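Engineer: What follows is input25.cif; its format and atoms are mmCIF, C-alpha atoms.
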```cif
data_input
loop_
_atom_site.group_PDB
_atom_site.id
_atom_site.type_symbol
_atom_site.label_atom_id
_atom_site.label_comp_id
_atom_site.auth_asym_id
_atom_site.auth_seq_id
_atom_site.Cartn_x
_atom_site.Cartn_y
_atom_site.Cartn_z
ATOM 1 C CA MET A 1 0.000 0.000 0.000
ATOM 2 C CA GLU A 2 2.782 2.396 0.860
ATOM 3 C CA GLU A 3 4.526 1.688 -2.452
ATOM 4 C CA SER A 4 1.326 2.520 -4.320
ATOM 5 C CA LEU A 5 1.024 5.707 -2.292
ATOM 6 C CA ALA A 6 4.583 6.719 -3.167
ATOM 7 C CA LYS A 7 3.904 6.147 -6.874
ATOM 8 C CA ARG A 8 0.751 8.259 -6.716
ATOM 9 C CA LEU A 9 2.656 11.082 -5.034
ATOM 10 C CA ALA A 10 5.427 10.924 -7.635
ATOM 11 C CA PHE A 11 2.840 11.158 -10.406
ATOM 12 C CA LEU A 12 1.186 14.070 -8.587
ATOM 13 C CA ASP A 13 4.528 15.906 -8.408
ATOM 14 C CA GLU A 14 5.017 15.478 -12.165
ATOM 15 C CA GLU A 15 1.513 16.764 -12.829
ATOM 16 C CA GLU A 16 2.027 19.708 -10.492
ATOM 17 C CA ASN A 17 5.244 20.674 -12.307
ATOM 18 C CA SER A 18 3.427 20.487 -15.630
ATOM 19 C CA ILE A 19 0.680 22.816 -14.360
ATOM 20 C CA LYS A 20 3.290 25.261 -13.003
ATOM 21 C CA LYS A 21 4.894 25.442 -16.449
ATOM 22 C CA ALA A 22 1.511 25.967 -18.064
ATOM 23 C CA LYS A 23 0.768 28.829 -15.639
ATOM 24 C CA GLU A 24 3.655 30.714 -17.199
ATOM 25 C CA SER A 25 1.504 31.186 -20.302
ATOM 26 C CA GLU A 26 -0.482 33.942 -18.600
ATOM 27 C CA ALA A 27 1.974 36.517 -19.918
ATOM 28 C CA ALA A 28 1.226 35.270 -23.435
ATOM 29 C CA PHE A 29 -2.493 35.787 -22.816
ATOM 30 C CA ASN A 30 -1.844 39.356 -21.721
ATOM 31 C CA GLU A 31 0.207 40.064 -24.863
ATOM 32 C CA ILE A 32 -2.513 38.624 -27.078
ATOM 33 C CA ILE A 33 -5.150 40.734 -25.293
ATOM 34 C CA LYS A 34 -3.101 43.885 -25.934
ATOM 35 C CA LYS A 35 -2.701 43.029 -29.619
ATOM 36 C CA ALA A 36 -6.358 42.155 -30.231
ATOM 37 C CA ASP A 37 -7.965 44.800 -32.393
ATOM 38 C CA GLU A 38 -11.552 44.445 -31.173
ATOM 39 C CA GLU A 39 -12.856 44.979 -27.665
ATOM 40 C CA LYS A 40 -15.149 41.973 -28.008
ATOM 41 C CA ILE A 41 -12.207 39.724 -28.882
ATOM 42 C CA GLN A 42 -10.194 41.218 -26.019
ATOM 43 C CA ALA A 43 -13.065 40.449 -23.650
ATOM 44 C CA GLU A 44 -13.294 36.859 -24.882
ATOM 45 C CA ILE A 45 -9.562 36.312 -24.530
ATOM 46 C CA THR A 46 -9.714 37.810 -21.039
ATOM 47 C CA GLU A 47 -12.569 35.461 -20.156
ATOM 48 C CA LEU A 48 -10.557 32.507 -21.461
ATOM 49 C CA ARG A 49 -7.480 33.610 -19.483
ATOM 50 C CA ASP A 50 -9.533 33.966 -16.308
ATOM 51 C CA SER A 51 -11.143 30.582 -16.875
ATOM 52 C CA VAL A 52 -7.739 28.966 -17.387
ATOM 53 C CA ASN A 53 -6.439 30.609 -14.199
ATOM 54 C CA HIS A 54 -9.494 29.382 -12.284
ATOM 55 C CA ARG A 55 -8.736 25.865 -13.532
ATOM 56 C CA TYR A 56 -5.141 26.198 -12.317
ATOM 57 C CA ASP A 57 -6.405 27.348 -8.897
ATOM 58 C CA LEU A 58 -8.661 24.312 -8.703
ATOM 59 C CA HIS A 59 -5.709 22.101 -9.540
ATOM 60 C CA SER A 60 -3.727 23.676 -6.694
ATOM 61 C CA ASP A 61 -6.653 22.956 -4.356
ATOM 62 C CA PHE A 62 -6.698 19.382 -5.626
ATOM 63 C CA VAL A 63 -2.969 18.925 -4.956
ATOM 64 C CA LYS A 64 -3.272 20.347 -1.441
ATOM 65 C CA ASN A 65 -6.271 18.178 -0.586
ATOM 66 C CA TYR A 66 -4.808 15.088 -2.228
ATOM 67 C CA LYS A 67 -1.615 15.435 -0.197
ATOM 68 C CA THR A 68 -3.731 15.722 2.944
ATOM 69 C CA LEU A 69 -5.532 12.550 1.866
ATOM 70 C CA THR A 70 -2.262 10.683 1.367
ATOM 71 C CA ASP A 71 -1.034 11.797 4.803
ATOM 72 C CA LEU A 72 -4.214 10.427 6.348
ATOM 73 C CA GLN A 73 -3.859 7.212 4.374
ATOM 74 C CA LYS A 74 -0.280 6.789 5.646
ATOM 75 C CA GLU A 75 -1.541 7.176 9.189
ATOM 76 C CA LEU A 76 -4.263 4.611 8.525
ATOM 77 C CA TYR A 77 -1.766 2.142 7.033
ATOM 78 C CA GLY A 78 0.395 2.534 10.134
ATOM 79 C CA MET A 79 -2.589 1.899 12.376
ATOM 80 C CA LEU A 80 -3.528 -1.230 10.430
ATOM 81 C CA VAL A 81 -0.206 -2.929 11.142
ATOM 82 C CA ASP A 82 -0.068 -1.802 14.779
ATOM 83 C CA GLU A 83 -1.615 -4.571 16.841
ATOM 84 C CA GLU A 84 -2.295 -2.148 19.699
ATOM 85 C CA THR A 85 -4.565 0.091 17.618
ATOM 86 C CA GLU A 86 -8.029 0.298 19.120
ATOM 87 C CA VAL A 87 -10.899 -0.473 16.769
ATOM 88 C CA SER A 88 -12.603 2.812 17.659
ATOM 89 C CA LYS A 89 -9.472 4.789 16.717
ATOM 90 C CA LEU A 90 -9.228 2.836 13.482
ATOM 91 C CA GLN A 91 -12.872 3.606 12.685
ATOM 92 C CA GLU A 92 -12.277 7.309 13.364
ATOM 93 C CA LYS A 93 -9.311 7.330 10.989
ATOM 94 C CA VAL A 94 -11.290 5.498 8.288
ATOM 95 C CA THR A 95 -14.060 8.108 8.630
ATOM 96 C CA GLU A 96 -11.482 10.889 8.360
ATOM 97 C CA VAL A 97 -9.905 9.294 5.258
ATOM 98 C CA ASN A 98 -13.317 8.825 3.637
ATOM 99 C CA LYS A 99 -14.305 12.444 4.322
ATOM 100 C CA GLN A 100 -11.071 13.733 2.792
ATOM 101 C CA ASN A 101 -11.543 11.403 -0.162
ATOM 102 C CA GLU A 102 -14.966 12.994 -0.751
ATOM 103 C CA ASN A 103 -13.351 16.456 -0.658
ATOM 104 C CA VAL A 104 -10.845 15.336 -3.278
ATOM 105 C CA LYS A 105 -13.618 13.905 -5.467
ATOM 106 C CA GLU A 106 -15.561 17.193 -5.292
ATOM 107 C CA ILE A 107 -12.502 19.166 -6.334
ATOM 108 C CA ILE A 108 -11.836 16.744 -9.199
ATOM 109 C CA ASN A 109 -15.415 17.258 -10.405
ATOM 110 C CA SER A 110 -14.997 21.035 -10.225
ATOM 111 C CA PHE A 111 -11.678 20.783 -12.056
ATOM 112 C CA ASN A 112 -13.252 18.653 -14.791
ATOM 113 C CA GLU A 113 -16.104 21.149 -15.166
ATOM 114 C CA ALA A 114 -13.598 23.987 -15.387
ATOM 115 C CA THR A 115 -11.707 22.048 -18.063
ATOM 116 C CA GLY A 116 -14.929 21.746 -20.048
ATOM 117 C CA THR A 117 -15.525 25.489 -19.727
ATOM 118 C CA VAL A 118 -11.989 26.284 -20.881
ATOM 119 C CA ASN A 119 -12.378 23.988 -23.876
ATOM 120 C CA LYS A 120 -15.715 25.581 -24.881
ATOM 121 C CA LEU A 121 -14.365 29.117 -24.545
ATOM 122 C CA LYS A 122 -11.230 28.213 -26.473
ATOM 123 C CA GLU A 123 -13.186 26.571 -29.281
ATOM 124 C CA ALA A 124 -15.586 29.521 -29.574
ATOM 125 C CA LEU A 125 -12.705 31.998 -29.643
ATOM 126 C CA PHE A 126 -10.727 30.037 -32.217
ATOM 127 C CA ASN A 127 -13.803 29.720 -34.412
ATOM 128 C CA LYS A 128 -14.359 33.486 -34.255
ATOM 129 C CA LEU A 129 -10.760 34.201 -35.073
ATOM 130 C CA ALA A 130 -10.856 31.757 -37.988
ATOM 131 C CA GLU A 131 -13.815 33.645 -39.450
ATOM 132 C CA LYS A 132 -11.732 36.798 -39.813
#
```
I need this file expressed as structure tokens, please.
Structural biologist:
Amino acid sequence: MEESLAKRLAFLDEEENSIKKAKESEAAFNEIIKKADEEKIQAEITELRDSVNHRYDLHSDFVKNYKTLTDLQKELYGMLVDEETEVSKLQEKVTEVNKQNENVKEIINSFNEATGTVNKLKEALFNKLAEK
């Protein structure tokens, strides 16, 4: 179990680094906004930028909450192998792990919704720009 946990954390670190690199594109958005010749296009690019940034914020929330979940899981794994662990304490930890897991799931759903919004905004903007 601990090996699986370590692999998940390593994957999470890679994903987090990828998102950090992608965040650097905000400067490119700002340059594109300045160069856009129509206010409507500028507004749509700004909306896309803000939507992308919101998605990045949700990913940061996910990482924070997922790391909390893995810490709780480590504690639970330790309790499982400790013969002196009281059943009531084990049940409390399981409840805590399950609650945190639900938090993570909610954030993942929000992140996925935000991804859908970004994709729709991007497609609409690209279609408009292609019409010009």
Engineer: First collect every listed atom of region 102-110 of chain A; then fit an axis-aligned box around them, widen it by 5 Å on each side, and give centre and edge lengths in Å to one decimal, as JSON.
Structural biologist:
```
{"center_x": -13.2, "center_y": 17.0, "center_z": -5.5, "size_x": 14.7, "size_y": 18.0, "size_z": 19.7}
```
Engineer: What gap, in Å, lies between CA of Asp61 (chain A) and CA of Lys93 (chain A)?
Structural biologist: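 Between CA of Asp61 (chain A) and CA of Lys93 (chain A) the gap is 22.1 Å.
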Engineer: For region 13-25 of chain A, find every residue with an atom within 12 Å (counting all atoms listed in the file), except residues of its own chain fewer than 6 positions away, and show them as a list in words.
Structural biologist: Ala6, Lys7, Glu31, Ile32, Arg49, Asp50, Val52, Asn53, His54, Arg55, Tyr56, Asp57, Leu58, His59, Ser60, Asp61, Phe62, Val63, Lys64, Tyr66 and Lys67 of chain A
Engineer: Grab the CA of Lys128 (chain A) to CA of Ala114 (chain A) distance for me, in Å with one decimal place.
Structural biologist: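 Taking CA of Lys128 (chain A) as the start and CA of Ala114 (chain A) as the end point, the length is 21.1 Å.
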Engineer: Given only C-alpha atoms as the basis, pick out the residue of A:Gln91, A:Glu96, A:Asp37, A:Val118 nearest to Lys132 (chain A).
Structural biologist: A:Asp37
